[in-house]
>>> print(open('target_24.tsv').read())   # TSV, C-alpha atoms
chain	number	residue	atom	x	y	z
A	183	MET	CA	246.61	-112.86	-60.87
A	184	PHE	CA	249.56	-110.54	-60.28
A	185	ALA	CA	251.57	-112.56	-62.80
A	186	PHE	CA	248.76	-112.11	-65.32
A	187	CYS	CA	248.78	-108.34	-64.65
A	188	GLN	CA	252.54	-108.26	-65.24
A	189	TRP	CA	252.17	-110.18	-68.48
A	190	LEU	CA	249.33	-107.93	-69.70
A	191	GLU	CA	251.14	-104.73	-68.82
A	192	ASN	CA	254.32	-105.87	-70.59
A	193	SER	CA	252.47	-107.21	-73.62
A	194	GLN	CA	252.67	-105.23	-76.84
A	195	PHE	CA	249.07	-104.14	-76.32
A	196	GLY	CA	249.58	-102.82	-72.79
A	197	THR	CA	252.88	-101.12	-73.55
A	198	ALA	CA	251.50	-99.43	-76.68
A	199	ILE	CA	248.75	-97.71	-74.67
A	200	HIS	CA	251.05	-96.96	-71.73
A	201	GLN	CA	253.63	-95.22	-73.90
A	202	SER	CA	251.26	-93.68	-76.44
A	203	LEU	CA	250.94	-90.00	-77.07
A	204	TRP	CA	247.23	-89.62	-77.86
A	205	LEU	CA	245.79	-93.14	-77.51
A	206	PHE	CA	245.65	-93.08	-73.71
A	207	PRO	CA	243.82	-89.73	-73.42
A	208	LEU	CA	241.50	-90.77	-76.28
A	209	ILE	CA	240.57	-94.03	-74.53
A	210	GLU	CA	240.04	-92.12	-71.28
A	211	THR	CA	237.69	-89.76	-73.13
A	212	ALA	CA	235.75	-92.66	-74.64
A	213	HIS	CA	235.54	-94.16	-71.14
A	214	LEU	CA	233.78	-90.95	-70.04
A	215	PHE	CA	231.30	-91.13	-72.95
A	216	GLY	CA	230.47	-94.72	-72.01
A	217	LEU	CA	230.03	-93.60	-68.42
A	218	ILE	CA	227.48	-90.95	-69.44
A	219	LEU	CA	225.47	-93.51	-71.44
A	220	LEU	CA	225.59	-96.24	-68.82
A	221	VAL	CA	225.09	-94.33	-65.59
A	222	GLY	CA	222.77	-91.79	-67.23
A	223	ALA	CA	220.43	-94.52	-68.43
A	224	THR	CA	220.53	-96.62	-65.25
A	225	SER	CA	220.09	-93.56	-63.01
A	226	ALA	CA	216.98	-92.39	-64.87
A	227	LEU	CA	215.40	-95.82	-64.42
A	228	ASP	CA	216.56	-95.90	-60.79
A	229	LEU	CA	214.85	-92.56	-60.07
A	230	ARG	CA	211.60	-94.01	-61.41
A	231	LEU	CA	212.07	-97.15	-59.29
A	232	ILE	CA	212.65	-95.05	-56.19
A	233	GLY	CA	209.62	-92.92	-57.06
A	234	LEU	CA	211.36	-89.59	-57.59
A	235	SER	CA	210.84	-89.09	-61.29
A	236	MET	CA	208.58	-89.93	-64.27
A	237	LYS	CA	205.91	-91.19	-61.89
A	238	GLY	CA	203.27	-91.18	-64.62
A	239	GLU	CA	205.26	-93.39	-66.99
A	240	PRO	CA	205.01	-97.19	-66.85
A	241	VAL	CA	208.22	-98.66	-65.43
A	242	SER	CA	208.44	-101.34	-68.12
A	243	ARG	CA	208.31	-98.74	-70.89
A	244	ILE	CA	211.13	-96.70	-69.32
A	245	ALA	CA	213.16	-99.88	-68.84
A	246	ARG	CA	212.58	-100.98	-72.43
A	247	ARG	CA	213.69	-97.61	-73.78
A	248	LEU	CA	216.68	-97.03	-71.51
A	249	LEU	CA	218.24	-100.44	-70.95
A	250	PRO	CA	219.56	-100.86	-74.54
A	251	TRP	CA	221.50	-97.59	-74.01
A	252	ALA	CA	222.78	-98.86	-70.68
A	253	TRP	CA	224.00	-102.06	-72.36
A	254	ALA	CA	225.68	-100.03	-75.11
A	255	GLY	CA	227.35	-97.93	-72.43
A	256	LEU	CA	228.45	-101.01	-70.51
A	257	THR	CA	230.01	-102.48	-73.66
A	258	ILE	CA	232.02	-99.28	-74.21
A	259	GLN	CA	233.05	-99.28	-70.55
A	260	VAL	CA	234.24	-102.89	-70.56
A	261	LEU	CA	236.26	-102.42	-73.76
A	262	THR	CA	237.84	-99.05	-72.87
A	263	GLY	CA	238.23	-100.09	-69.23
A	264	PHE	CA	240.15	-103.18	-70.25
A	265	CYS	CA	242.48	-101.06	-72.42
A	266	LEU	CA	243.18	-98.65	-69.55
A	267	PHE	CA	243.68	-101.57	-67.16
A	268	ALA	CA	246.10	-103.25	-69.58
A	269	SER	CA	248.28	-100.12	-69.65
A	270	GLU	CA	248.78	-100.12	-65.87
A	271	ALA	CA	247.66	-103.56	-64.75
A	272	THR	CA	250.01	-104.10	-61.80
A	273	ARG	CA	249.43	-100.61	-60.40
A	274	CYS	CA	245.65	-101.09	-60.70
A	275	TRP	CA	245.79	-104.50	-59.08
A	276	GLU	CA	247.55	-103.04	-56.03
A	277	ASN	CA	245.31	-99.95	-55.93
A	278	THR	CA	242.68	-99.81	-53.16
A	279	ALA	CA	240.26	-97.64	-55.16
A	280	PHE	CA	240.47	-100.03	-58.12
A	281	ARG	CA	239.66	-103.02	-55.88
A	282	ILE	CA	236.71	-101.20	-54.31
A	283	LYS	CA	235.50	-100.31	-57.80
A	284	MET	CA	235.64	-103.94	-58.99
A	285	ILE	CA	233.79	-105.17	-55.89
A	286	MET	CA	231.09	-102.53	-56.39
A	287	LEU	CA	230.78	-103.52	-60.07
A	288	VAL	CA	230.06	-107.11	-59.06
A	289	LEU	CA	227.54	-105.89	-56.46
A	290	ALA	CA	225.82	-103.64	-59.04
A	291	GLY	CA	225.51	-106.65	-61.36
A	292	LEU	CA	224.08	-108.81	-58.58
A	293	ASN	CA	221.67	-106.05	-57.59
A	294	ALA	CA	220.33	-105.83	-61.15
A	295	LEU	CA	220.09	-109.60	-61.37
A	296	VAL	CA	218.18	-109.94	-58.09
A	297	PHE	CA	215.83	-107.10	-59.08
A	298	HIS	CA	215.02	-108.72	-62.42
A	299	GLN	CA	214.39	-112.08	-60.74
A	300	THR	CA	212.16	-110.68	-57.98
A	301	ALA	CA	210.32	-107.32	-58.03
A	302	TYR	CA	210.58	-106.82	-61.80
A	303	ARG	CA	208.99	-110.21	-62.49
A	304	ARG	CA	205.76	-108.87	-61.07
A	305	VAL	CA	206.12	-105.48	-62.76
A	306	SER	CA	202.69	-105.79	-64.38
A	307	ASN	CA	201.18	-105.40	-60.90
A	308	TRP	CA	202.83	-102.03	-60.29
A	309	ASP	CA	203.85	-100.82	-63.73
A	310	ASP	CA	201.55	-97.78	-63.77
A	311	THR	CA	201.49	-96.85	-60.10
A	312	PRO	CA	203.55	-93.86	-59.00
A	313	ILE	CA	204.29	-95.59	-55.70
A	314	THR	CA	206.65	-98.49	-56.33
A	315	PRO	CA	207.06	-101.58	-54.12
A	316	VAL	CA	209.79	-101.69	-51.47
A	317	GLY	CA	211.84	-104.17	-53.52
A	318	ALA	CA	211.98	-101.76	-56.44
A	319	LYS	CA	212.88	-98.82	-54.19
A	320	VAL	CA	215.71	-100.81	-52.58
A	321	ALA	CA	217.03	-101.95	-55.97
A	322	GLY	CA	216.87	-98.38	-57.32
A	323	CYS	CA	218.68	-96.93	-54.29
A	324	CYS	CA	221.36	-99.66	-54.34
A	325	SER	CA	221.86	-99.20	-58.06
A	326	ILE	CA	222.29	-95.40	-57.86
A	327	LEU	CA	224.59	-95.63	-54.83
A	328	LEU	CA	226.70	-98.40	-56.37
A	329	TRP	CA	227.08	-96.72	-59.77
A	330	PHE	CA	227.91	-93.34	-58.24
A	331	GLY	CA	230.37	-95.18	-55.99
A	332	ILE	CA	231.91	-96.94	-58.99
A	333	VAL	CA	232.40	-93.57	-60.73
A	334	ALA	CA	233.93	-92.05	-57.58
A	335	ALA	CA	236.23	-95.04	-56.98
A	336	GLY	CA	237.29	-94.94	-60.64
A	337	ARG	CA	238.30	-91.30	-60.32
A	338	TRP	CA	240.16	-92.08	-57.10
A	339	ILE	CA	242.39	-94.73	-58.71
A	340	ALA	CA	244.63	-91.83	-59.71
A	341	PHE	CA	244.95	-90.53	-56.15
A	342	LEU	CA	245.32	-93.57	-53.93
B	217	MET	CA	201.71	-101.02	-80.57
B	218	ARG	CA	204.25	-98.45	-81.66
B	219	GLY	CA	202.66	-95.05	-82.17
B	220	SER	CA	199.17	-96.06	-81.09
B	221	PRO	CA	197.68	-93.83	-78.36
B	222	ARG	CA	197.27	-95.41	-74.97
B	223	VAL	CA	195.81	-94.14	-71.76
B	224	TRP	CA	197.80	-95.11	-68.70
B	225	PRO	CA	195.71	-95.95	-65.69
B	226	GLY	CA	196.88	-94.05	-62.62
B	227	ARG	CA	197.74	-90.92	-64.56
B	228	CYS	CA	194.63	-89.08	-63.44
B	229	ASP	CA	195.22	-85.72	-61.82
B	230	THR	CA	193.65	-86.38	-58.43
B	231	LEU	CA	196.06	-89.22	-57.77
B	232	ARG	CA	199.06	-87.16	-58.80
B	233	HIS	CA	198.08	-84.18	-56.67
B	234	GLY	CA	197.32	-86.38	-53.69
B	235	TYR	CA	200.70	-88.01	-54.08
B	236	SER	CA	202.79	-84.85	-54.32
B	237	ALA	CA	200.93	-83.25	-51.41
B	238	ARG	CA	201.94	-86.15	-49.17
B	239	LYS	CA	205.58	-85.82	-50.24
B	240	ARG	CA	205.79	-82.17	-49.17
B	241	LEU	CA	207.96	-81.42	-46.14
B	242	GLY	CA	208.18	-77.89	-44.77
B	243	GLY	CA	206.64	-76.48	-47.95
B	244	VAL	CA	209.46	-77.81	-50.15
B	245	GLU	CA	209.00	-80.97	-52.16
B	246	VAL	CA	211.29	-83.85	-51.21
B	247	LYS	CA	212.28	-84.19	-54.85
B	248	THR	CA	213.41	-80.55	-54.98
B	249	LYS	CA	215.45	-81.07	-51.83
B	250	VAL	CA	217.17	-84.12	-53.30
B	251	LEU	CA	217.85	-82.26	-56.53
B	252	VAL	CA	219.58	-79.47	-54.58
B	253	VAL	CA	221.37	-81.44	-51.87
B	254	VAL	CA	222.95	-84.15	-54.04
B	255	PRO	CA	224.73	-81.83	-56.52
B	256	VAL	CA	225.93	-79.64	-53.64
B	257	LEU	CA	227.43	-82.66	-51.83
B	258	VAL	CA	229.04	-83.99	-55.00
B	259	THR	CA	230.55	-80.57	-55.75
B	260	LEU	CA	231.93	-80.20	-52.22
B	261	PHE	CA	233.37	-83.70	-52.42
B	262	SER	CA	235.13	-83.08	-55.71
B	263	PHE	CA	236.74	-79.88	-54.42
B	264	SER	CA	237.91	-81.51	-51.17
B	265	GLY	CA	241.67	-81.50	-50.58
B	266	ALA	CA	242.55	-85.08	-51.37
B	267	SER	CA	240.99	-85.10	-54.80
B	268	TRP	CA	243.49	-82.45	-55.92
B	269	ALA	CA	246.45	-84.55	-54.80
B	270	HIS	CA	247.15	-85.87	-58.26
B	271	HIS	CA	247.67	-82.53	-59.91
B	272	ALA	CA	248.43	-80.23	-57.01
B	273	SER	CA	250.76	-82.97	-55.69
B	274	ARG	CA	250.76	-81.60	-52.12
B	275	GLN	CA	249.33	-84.75	-50.59
B	276	VAL	CA	251.90	-87.09	-52.06
B	277	TYR	CA	255.01	-84.92	-52.19
B	278	GLN	CA	256.67	-82.63	-49.67
B	279	GLY	CA	256.53	-78.88	-50.13
B	280	LYS	CA	260.28	-78.28	-50.09
B	281	SER	CA	262.38	-79.20	-53.10
B	282	ILE	CA	265.77	-80.89	-53.10
B	283	THR	CA	268.47	-81.23	-55.73
B	284	LEU	CA	270.04	-84.56	-56.65
B	285	MET	CA	272.84	-85.58	-59.00
B	286	GLY	CA	272.97	-88.99	-60.55
B	287	VAL	CA	273.22	-91.25	-63.56
B	288	VAL	CA	270.14	-91.96	-65.69
B	289	THR	CA	269.10	-95.62	-65.55
B	290	ASP	CA	265.75	-95.38	-67.30
B	291	TYR	CA	263.68	-92.74	-69.09
B	292	GLU	CA	260.17	-93.69	-70.18
B	293	TRP	CA	257.45	-91.61	-71.83
B	294	ALA	CA	254.32	-93.01	-70.29
B	295	ASN	CA	250.73	-92.42	-69.23
B	296	PRO	CA	249.57	-91.05	-66.91
B	297	HIS	CA	253.11	-89.77	-66.14
B	298	SER	CA	256.51	-90.19	-67.69
B	299	VAL	CA	259.18	-91.45	-65.33
B	300	LEU	CA	262.91	-90.76	-65.15
B	301	SER	CA	264.94	-93.17	-63.03
B	302	VAL	CA	268.32	-92.02	-61.74
B	303	ALA	CA	271.00	-93.79	-59.66
B	304	VAL	CA	272.00	-91.36	-56.92
B	305	LYS	CA	274.95	-91.76	-54.56
B	306	ASP	CA	274.23	-90.62	-50.99
B	307	ASP	CA	276.68	-89.18	-48.40
B	308	GLN	CA	277.78	-92.66	-47.32
B	309	GLY	CA	278.51	-93.62	-50.90
B	310	LYS	CA	275.49	-95.90	-51.11
B	311	VAL	CA	273.76	-95.89	-54.49
B	312	GLU	CA	269.94	-95.64	-54.49
B	313	GLU	CA	267.65	-95.49	-57.49
B	314	TRP	CA	265.26	-92.53	-57.50
B	315	HIS	CA	262.15	-92.35	-59.66
B	316	ALA	CA	261.11	-88.89	-60.80
B	317	GLU	CA	257.55	-88.31	-61.96
B	318	ILE	CA	257.39	-85.90	-64.89
B	319	LEU	CA	254.40	-85.26	-67.19
B	320	PRO	CA	252.11	-87.22	-69.51
B	321	PRO	CA	253.61	-87.59	-73.04
B	322	THR	CA	251.41	-84.89	-74.59
B	323	GLU	CA	252.58	-82.34	-72.01
B	324	MET	CA	256.20	-83.51	-72.30
B	325	LEU	CA	256.11	-82.35	-75.93
B	326	ARG	CA	254.64	-79.00	-74.98
B	327	ALA	CA	257.23	-78.51	-72.24
B	328	GLY	CA	260.02	-79.03	-74.79
B	329	TRP	CA	261.09	-82.59	-73.94
B	330	THR	CA	261.86	-85.22	-76.58
B	331	LYS	CA	262.40	-88.95	-76.19
B	332	GLU	CA	266.09	-88.22	-76.76
B	333	SER	CA	266.34	-85.45	-74.12
B	334	VAL	CA	268.22	-87.81	-71.81
B	335	ARG	CA	269.82	-91.22	-72.31
B	336	PRO	CA	270.71	-93.97	-69.85
B	337	GLY	CA	274.24	-93.43	-68.55
B	338	GLU	CA	274.14	-89.65	-68.72
B	339	GLU	CA	274.78	-87.61	-65.58
B	340	VAL	CA	271.92	-85.24	-64.77
B	341	THR	CA	270.89	-82.86	-62.00
B	342	LEU	CA	267.30	-83.12	-60.77
B	343	THR	CA	265.37	-80.61	-58.71
B	344	GLY	CA	262.03	-81.61	-57.28
B	345	ARG	CA	259.95	-82.47	-54.25
B	346	PRO	CA	260.54	-85.82	-52.55
B	347	GLY	CA	257.68	-88.16	-51.56
B	348	LYS	CA	255.96	-87.76	-48.22
B	349	TYR	CA	255.28	-91.44	-47.66
B	350	SER	CA	257.44	-93.32	-50.16
B	351	GLN	CA	261.20	-93.11	-50.33
B	352	HIS	CA	263.17	-92.27	-53.44
B	353	ILE	CA	260.34	-90.76	-55.45
B	354	LEU	CA	260.47	-87.21	-56.71
B	355	TRP	CA	257.96	-84.78	-58.23
B	356	LEU	CA	260.31	-83.35	-60.83
B	357	GLU	CA	260.39	-79.57	-61.08
B	358	TYR	CA	263.25	-79.36	-63.53
B	359	LEU	CA	266.23	-81.26	-64.84
B	360	VAL	CA	269.60	-80.07	-66.10
B	361	THR	CA	271.14	-82.22	-68.85
B	362	PRO	CA	274.92	-82.79	-69.30
B	363	ASP	CA	275.03	-80.03	-71.94
B	364	GLY	CA	273.43	-77.57	-69.52
B	365	LYS	CA	269.92	-77.62	-70.97
B	366	LYS	CA	267.13	-77.03	-68.44
B	367	LEU	CA	263.89	-78.98	-68.87
B	368	GLY	CA	260.85	-78.58	-66.64
B	369	ARG	CA	257.09	-78.61	-66.53
B	370	SER	CA	256.70	-75.86	-69.13
B	371	ARG	CA	258.86	-74.20	-71.75
B	372	ASN	CA	261.39	-71.67	-70.33
>>> encode(input="target_24.tsv", output="structure tokens")
Amino acid sequence: MFAFCQWLENSQFGTAIHQSLWLFPLIETAHLFGLILLVGATSALDLRLIGLSMKGEPVSRIARRLLPWAWAGLTIQVLTGFCLFASEATRCWENTAFRIKMIMLVLAGLNALVFHQTAYRRVSNWDDTPITPVGAKVAGCCSILLWFGIVAAGRWIAFL
Amino acid sequence: MRGSPRVWPGRCDTLRHGYSARKRLGGVEVKTKVLVVVPVLVTLFSFSGASWAHHASRQVYQGKSITLMGVVTDYEWANPHSVLSVAVKDDQGKVEEWHAEILPPTEMLRAGWTKESVRPGEEVTLTGRPGKYSQHILWLEYLVTPDGKKLGRSRN
């Protein structure tokens, strides 16, 4: 893996971003826009799942409206994130905050997957109720904590 | 279905009032508390000492600056920081390579640097703050080139 990081960083692609004047800050800015879309959309749904917001709205309707934006955000994040990673691959690989971030990303994915396979399958039973089942509350809490953690860890890559 | 009016069961007012009344603690709604506490915590966290390390540099580099003389081995404009590497001879005559952190490329331009400001092989004088935990790294304050030009973190 370290060898791959070295290769990526020294590739024309990685070096171009690393040594660029405006490309690097522009990609970083785009990474922030993607973050707003992704974590904004997931957090709004999470608040409904926990039972803190939009209690009168059916969960499935909120999910249907917000999740396409979350997917769009995730796409931006993966693309821009890969570019930023390519510019400093070996440093990232050795960085504690980066590793924590990647682990939390996997956990956030698993959390969403488990939620969709369990509590969300029976959403028709609790779609309109303001009080959501425990499974949904747990998934919402995990999701918010993980995504906020991912944002924090991402910011901390620069300091650790 | 799009646009057609629908009545959501469970949206009746008695249910909503009953629900919010149960969520009240000490006269303040739980939701309000969350909405106040979370931003306050996040703000405190982002202003905590360590998160300023990157730009204030006090966590990573010592407070006192030193001056070194050596021969440039590498000079790279890079993100997030440009790096100048210099071979420095210590008191015992041993040569060690130091790596000086400068600025991101956009700020290098503003501070008056060019990619030709220094070349490998040139003898330069560096002033900056050495690393607290790593050896041979320097937070460059300013550099003096062979022709006596001073370059730092801002013009002048």
>>> interface_residues(input="target_24.tsv", of="chain A", to="chain B", cutoff="12 Å", atoms="all atoms listed in the file", output="VMD selection string")
chain A and resid 196 to 210 229 to 230 232 to 241 243 266 to 270 273 307 to 313 326 to 327 330 to 331 333 to 335 337 to 342
>>> atom_distance(input="target_24.tsv", atom1="CA of Ala294 (chain A)", atom2="CA of Asn277 (chain A)")
26.2 Å
>>> atom_distance(input="target_24.tsv", atom1="CA of Trp355 (chain B)", atom2="CA of Trp329 (chain B)")
16.2 Å
>>> closest_residue(input="target_24.tsv", among="A:Ser325, A:Gln259, A:Thr272, A:Gln299", to="Met286 (chain A)", atoms="only C-alpha atoms")
A:Ser325
>>> atom_distance(input="target_24.tsv", atom1="CA of Gly286 (chain B)", atom2="CA of Ile318 (chain B)")
16.5 Å
>>> residues_near_point(input="target_24.tsv", point="(267.1, -80.4, -58.2)", cutoff="10 Å", atoms="only C-alpha atoms", output="ChimeraX atom specification")
/B:281-285,340-345,354,356-360
>>> write_last_selection(input="target_24.tsv", atoms="C-alpha atoms", output="PDB file, in the coordinates of the input")
ATOM      1  CA  SER B 281     262.380 -79.200 -53.100  1.00  0.00           C
ATOM      2  CA  ILE B 282     265.770 -80.890 -53.100  1.00  0.00           C
ATOM      3  CA  THR B 283     268.470 -81.230 -55.730  1.00  0.00           C
ATOM      4  CA  LEU B 284     270.040 -84.560 -56.650  1.00  0.00           C
ATOM      5  CA  MET B 285     272.840 -85.580 -59.000  1.00  0.00           C
ATOM      6  CA  VAL B 340     271.920 -85.240 -64.770  1.00  0.00           C
ATOM      7  CA  THR B 341     270.890 -82.860 -62.000  1.00  0.00           C
ATOM      8  CA  LEU B 342     267.300 -83.120 -60.770  1.00  0.00           C
ATOM      9  CA  THR B 343     265.370 -80.610 -58.710  1.00  0.00           C
ATOM     10  CA  GLY B 344     262.030 -81.610 -57.280  1.00  0.00           C
ATOM     11  CA  ARG B 345     259.950 -82.470 -54.250  1.00  0.00           C
ATOM     12  CA  LEU B 354     260.470 -87.210 -56.710  1.00  0.00           C
ATOM     13  CA  LEU B 356     260.310 -83.350 -60.830  1.00  0.00           C
ATOM     14  CA  GLU B 357     260.390 -79.570 -61.080  1.00  0.00           C
ATOM     15  CA  TYR B 358     263.250 -79.360 -63.530  1.00  0.00           C
ATOM     16  CA  LEU B 359     266.230 -81.260 -64.840  1.00  0.00           C
ATOM     17  CA  VAL B 360     269.600 -80.070 -66.100  1.00  0.00           C
TER      18      VAL B 360
END
>>> residues_around(input="target_24.tsv", residues="Gly216 (chain A)", least_positions_apart="4", cutoff="7 Å", atoms="only C-alpha atoms", output="list in words")
Ala212, Leu220, Gly255, Leu256, Ile258 and Gln259 of chain A
>>> closest_residue(input="target_24.tsv", among="A:Cys274, A:Gly322, A:Trp329, A:His213", to="Phe297 (chain A)", atoms="only C-alpha atoms")
A:Gly322
>>> closest_residue(input="target_24.tsv", among="A:Val305, A:Thr211, A:Ile332, A:Ala223", to="Lys283 (chain A)", atoms="all atoms listed in the file")
A:Ile332
